[in-house]
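Only one structure is covered here, and it is reproduced in the block below.
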Amino acid sequence: MQDLFERVAETEELAPGAVLLRGFAVRHDRALLAAIEAVAAEAPFRRMTTPGGFEMSVAMTNCGAAGWITDRKSYRYTAEDPQNGRPWPAMPALFSALARDAAAQAGYAGFLPDAGLINRYEPGTRLSPHQDRDEASYDHPIVSVSLGVPATFQFGGPKRADPMKKVSLQHGDVVVWGGPSRLAHHGVLTLKSGEHPLTGCRRFNLTLRKAL
Ligand code: SIN
Ligand code: FE2
């Protein structure tokens, strides 16, 4: 697919190597949400348990060759959905095109994701600060797409103590981080109640990575 996602005029640097592309995905919002729904029909959203024994408030599912999971054993990528033993649903072509085009605009040409984590937030859910570090290599960026109700995203640095910037992520916004920011800590503050015409009270986040 070519030229599916146009360059956006408005970009904000969050940190060296980390860029916010405002509204980058909005033109394809309905198609993205339909693709999320199709993935979830095969691999339903579920709340997973951390190795420490806590149930995550955010519900998740995956598509692509590798899916991110957590259970009492570890955080890791698997080829199959542990809920049904089948391979994760294929990565929709639209997700790969979005990841490629957003990464290119952020300065990371030639990005091809093999892991699509889909997070579903409802009012009161949050994702505490963490690093994305279960991937085989940190040479590739992370592409993160926001849909639905806005959320406050925190973005810091490679050290846990590094100060965190807060930025509101709106429907259609895309954040790309790599290079010097690849291991930056990031999280999502408790989702406030809100209403979006396409998602109701929910926020969806699509995190596209190269995990294998
Ligand atoms: C994540 O870190 O996996 C998700 C970030 C977000 O929901 O914006
Ligand atoms: Fe993350």
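Going through the structure tokens in order, the chains are called A, B, and so on, while each chain numbers its residues from 1 and the ligands are numbered from 1 in the order shown.
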Subject >> Nearby residues, ligand 2, 9 Å, only C-alpha atoms and all ligand atoms, as a ChimeraX atom specification >> reply: /A:127,129-133,142,144,185-187,207
**OP:** Would you kindly return, as a list in words, each protein, DNA or RNA residue with an atom no farther than 12 Å from any atom of A:Asp81, considering only C-alpha atoms and excluding same-chain residues fewer than 4 positions away?
**Re:**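 Contacts, in chain order: Val39, Ala40, Glu42, Ala43, Pro44, Phe45, Arg46, Met60, Thr61, Asn62, Cys63, Gly64, Ala65, Ala66, Gly67, Trp68, Ile69, Thr70, Tyr77, Gly85, Arg86, Pro87, Trp88, Pro89 and Ala90 of chain A.
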Original post:
Interatomic distance between atom CA of A:Ala151 and atom CA of A:His171?
Top reply: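 Separation of atom CA of A:Ala151 and atom CA of A:His171: 9.3 Å.
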**OP:** Could you please determine the separation between atom CA of A:Ala31 and atom CA of A:Ala103 in Å, to one decimal place?
**Re:** 19.6 Å
**OP:** Could you tell me which of A:Thr152, A:Ser96, A:Asn84, A:Gln105 comes closest to A:Thr11 if we count only C-alpha atoms?
**Re:** A:Gln105
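Secondary structure of stretch 92-161 of chain A, helix (DSSP H, G or I) only (DSSP, backbone atoms): A:Ala93, A:Leu94, A:Phe95, A:Ser96, A:Ala97, A:Leu98, A:Ala99, A:Arg100, A:Asp101, A:Ala102, A:Ala103, A:Ala104, A:Gln105.
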**OP:** Pick out the closest residue to ligand 1 from this set: A:Thr199, A:Ser128, A:Asn205, A:Thr50. Count only C-alpha atoms and all ligand atoms.
**Re:**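 Going through A:Thr199, A:Ser128, A:Asn205, A:Thr50 one by one, the smallest distance to ligand 1 is for A:Asn205.
Interatomic distance, atom CA of A:Pro92 to atom CA of A:Leu112: 12.3 Å.
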Original post:
Given the choices A:Arg209, A:Arg100, A:Arg160, A:Arg30, which gets closest to ligand 1 if the distance is worked out from only C-alpha atoms and all ligand atoms?
Top reply: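 Ranked by minimum distance to ligand 1, first place goes to A:Arg209.
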**OP:** List the neighbours of A:Pro180 out to 12 Å using only C-alpha atoms; skip same-chain residues closer than 6 positions along the sequence, and give me the result as a list in words.
**Re:**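 Answer for this query is Leu14, Ala15, Pro16, Gly17, Ala18, Val19, Tyr138, Asp139, His140, Pro141, Gly156, Gly157, Pro158 and Lys159 of chain A.
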**OP:** Find the residues near A:Thr125: any atom within 9 Å, counting only C-alpha atoms, skip ones fewer than 2 places away on the same chain, and give them as a PyMOL selection string.
**Re:** chain A and resi 56-58+121-123+127+188-192
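The neighbours of A:Leu94 here are the residues that come within 10 Å of it, using only C-alpha atoms and leaving out any residue fewer than 3 positions away in the same chain; they are A:Met1, A:Leu4, A:Phe5, A:His28, A:Ala31, A:Leu32, A:Ala35, A:Met91, A:Ala97, A:Leu98, A:Ala99, A:Arg100.
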**OP:** Identify, with DSSP run on backbone atoms, the residues in stretch 38-171 of chain A assigned to strand (DSSP E), and express the list as a VMD selection string.
**Re:** chain A and resid 59 to 64 67 to 70 75 to 78 115 to 121 127 to 130 142 to 148 151 to 155 165 to 169
Atoms to include: N, CA and C atoms. Write the selected residues as a compact mmCIF listing (two decimals), in the first residue's frame.
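And here is the file that came out, selection-v5.txt:
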```txt
# COMPACT_ATOMS: atom_id res chain seq x y z
N ALA A 59 -7.67 -4.07 29.27
CA ALA A 59 -7.90 -5.35 28.57
C ALA A 59 -7.10 -5.34 27.27
N MET A 60 -6.56 -6.50 26.90
CA MET A 60 -5.65 -6.56 25.75
C MET A 60 -5.96 -7.73 24.84
N THR A 61 -5.57 -7.56 23.56
CA THR A 61 -5.49 -8.67 22.64
C THR A 61 -4.38 -8.35 21.65
N ASN A 62 -4.11 -9.24 20.70
CA ASN A 62 -2.98 -9.07 19.79
C ASN A 62 -3.33 -9.53 18.38
N CYS A 63 -2.54 -9.02 17.44
CA CYS A 63 -2.52 -9.56 16.08
C CYS A 63 -1.08 -9.56 15.59
N GLY A 64 -0.82 -10.36 14.55
CA GLY A 64 0.53 -10.43 14.02
C GLY A 64 1.21 -11.73 14.41
N GLY A 67 2.46 -12.00 19.74
CA GLY A 67 1.54 -11.27 20.60
C GLY A 67 2.13 -11.14 21.99
N TRP A 68 1.99 -9.93 22.56
CA TRP A 68 2.55 -9.70 23.90
C TRP A 68 1.59 -10.22 24.95
N ILE A 69 2.10 -11.02 25.87
CA ILE A 69 1.26 -11.51 26.97
C ILE A 69 2.00 -11.37 28.30
N THR A 70 1.23 -11.45 29.37
CA THR A 70 1.81 -11.59 30.70
C THR A 70 0.98 -12.61 31.47
N TYR A 75 6.56 -11.73 31.40
CA TYR A 75 6.12 -10.91 30.26
C TYR A 75 6.83 -11.48 29.04
N ARG A 76 6.13 -11.73 27.95
CA ARG A 76 6.81 -12.28 26.77
C ARG A 76 5.91 -12.21 25.52
N TYR A 77 6.51 -12.57 24.41
CA TYR A 77 5.76 -12.68 23.16
C TYR A 77 5.50 -14.14 22.86
N THR A 78 4.30 -14.44 22.34
CA THR A 78 3.97 -15.81 21.95
C THR A 78 3.41 -15.80 20.52
N ALA A 115 4.26 -7.38 15.47
CA ALA A 115 3.46 -7.54 16.69
C ALA A 115 2.52 -6.35 16.82
N GLY A 116 1.23 -6.63 16.96
CA GLY A 116 0.24 -5.58 17.15
C GLY A 116 -0.52 -5.83 18.44
N LEU A 117 -0.17 -5.06 19.47
CA LEU A 117 -0.86 -5.17 20.76
C LEU A 117 -2.00 -4.16 20.76
N ILE A 118 -3.19 -4.61 21.13
CA ILE A 118 -4.35 -3.72 21.19
C ILE A 118 -4.78 -3.60 22.65
N ASN A 119 -4.77 -2.37 23.15
CA ASN A 119 -5.17 -2.11 24.54
C ASN A 119 -6.54 -1.46 24.55
N ARG A 120 -7.40 -1.91 25.45
CA ARG A 120 -8.73 -1.31 25.59
C ARG A 120 -8.88 -0.73 26.99
N TYR A 121 -9.07 0.59 27.03
CA TYR A 121 -9.20 1.30 28.30
C TYR A 121 -10.66 1.67 28.52
N LEU A 127 -2.40 2.52 32.92
CA LEU A 127 -1.23 1.69 32.64
C LEU A 127 -0.05 2.36 33.30
N SER A 128 0.49 1.73 34.33
CA SER A 128 1.57 2.39 35.07
C SER A 128 2.85 2.44 34.24
N PRO A 129 3.72 3.42 34.57
CA PRO A 129 4.92 3.63 33.77
C PRO A 129 5.78 2.37 33.64
N HIS A 130 6.26 2.14 32.46
CA HIS A 130 7.05 0.94 32.15
C HIS A 130 7.90 1.22 30.92
N ILE A 142 8.81 2.10 18.22
CA ILE A 142 7.46 1.72 18.65
C ILE A 142 6.50 2.72 18.01
N VAL A 143 5.40 2.23 17.46
CA VAL A 143 4.38 3.13 16.89
C VAL A 143 3.10 2.90 17.68
N SER A 144 2.57 3.98 18.26
CA SER A 144 1.45 3.87 19.19
C SER A 144 0.30 4.77 18.72
N VAL A 145 -0.86 4.16 18.48
CA VAL A 145 -2.00 4.86 17.87
C VAL A 145 -3.13 4.98 18.89
N SER A 146 -3.69 6.16 19.04
CA SER A 146 -4.78 6.39 19.99
C SER A 146 -6.10 6.57 19.27
N LEU A 147 -7.14 5.91 19.76
CA LEU A 147 -8.48 6.05 19.19
C LEU A 147 -9.51 6.16 20.30
N GLY A 148 -10.50 7.02 20.10
CA GLY A 148 -11.58 7.13 21.09
C GLY A 148 -11.33 8.23 22.11
N ALA A 151 -6.72 10.48 26.46
CA ALA A 151 -6.05 10.04 27.68
C ALA A 151 -4.81 10.88 27.90
N THR A 152 -4.36 10.93 29.15
CA THR A 152 -3.10 11.61 29.43
C THR A 152 -1.97 10.60 29.40
N PHE A 153 -1.03 10.83 28.49
CA PHE A 153 0.12 9.97 28.28
C PHE A 153 1.30 10.59 29.01
N GLN A 154 2.06 9.76 29.71
CA GLN A 154 3.27 10.24 30.38
C GLN A 154 4.45 9.69 29.60
N PHE A 155 5.43 10.54 29.35
CA PHE A 155 6.60 10.10 28.59
C PHE A 155 7.86 10.65 29.24
N LYS A 165 7.03 13.93 30.96
CA LYS A 165 6.17 14.93 30.34
C LYS A 165 4.76 14.36 30.29
N LYS A 166 3.76 15.22 30.41
CA LYS A 166 2.38 14.76 30.25
C LYS A 166 1.82 15.36 28.98
N VAL A 167 1.19 14.52 28.17
CA VAL A 167 0.61 15.04 26.94
C VAL A 167 -0.75 14.35 26.73
N SER A 168 -1.73 15.14 26.28
CA SER A 168 -3.05 14.57 26.04
C SER A 168 -3.06 13.92 24.66
N LEU A 169 -3.41 12.64 24.60
CA LEU A 169 -3.50 11.95 23.31
C LEU A 169 -4.96 11.86 22.91
```
**OP:** Write out as a ChimeraX atom specification the residues lying within 7 Å of A:Ala25, counting only C-alpha atoms and excluding same-chain residues fewer than 4 positions away.
**Re:** /A:29,172-174
File dump, residues just selected, N, CA and C atoms, as an mmCIF file, in the first residue's frame:
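File produced: again.cif:
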```
data_model
loop_
_atom_site.group_PDB
_atom_site.id
_atom_site.type_symbol
_atom_site.label_atom_id
_atom_site.label_comp_id
_atom_site.auth_asym_id
_atom_site.auth_seq_id
_atom_site.Cartn_x
_atom_site.Cartn_y
_atom_site.Cartn_z
ATOM 1 N N ASP A 29 -9.912 6.272 10.743
ATOM 2 C CA ASP A 29 -10.371 5.834 12.066
ATOM 3 C C ASP A 29 -11.391 4.699 12.017
ATOM 4 N N GLY A 172 -6.956 9.562 17.006
ATOM 5 C CA GLY A 172 -6.199 9.689 15.750
ATOM 6 C C GLY A 172 -4.744 10.093 15.915
ATOM 7 N N ASP A 173 -4.332 10.435 17.130
ATOM 8 C CA ASP A 173 -2.928 10.806 17.351
ATOM 9 C C ASP A 173 -2.038 9.569 17.302
ATOM 10 N N VAL A 174 -0.819 9.758 16.819
ATOM 11 C CA VAL A 174 0.155 8.664 16.760
ATOM 12 C C VAL A 174 1.453 9.136 17.403
#
```
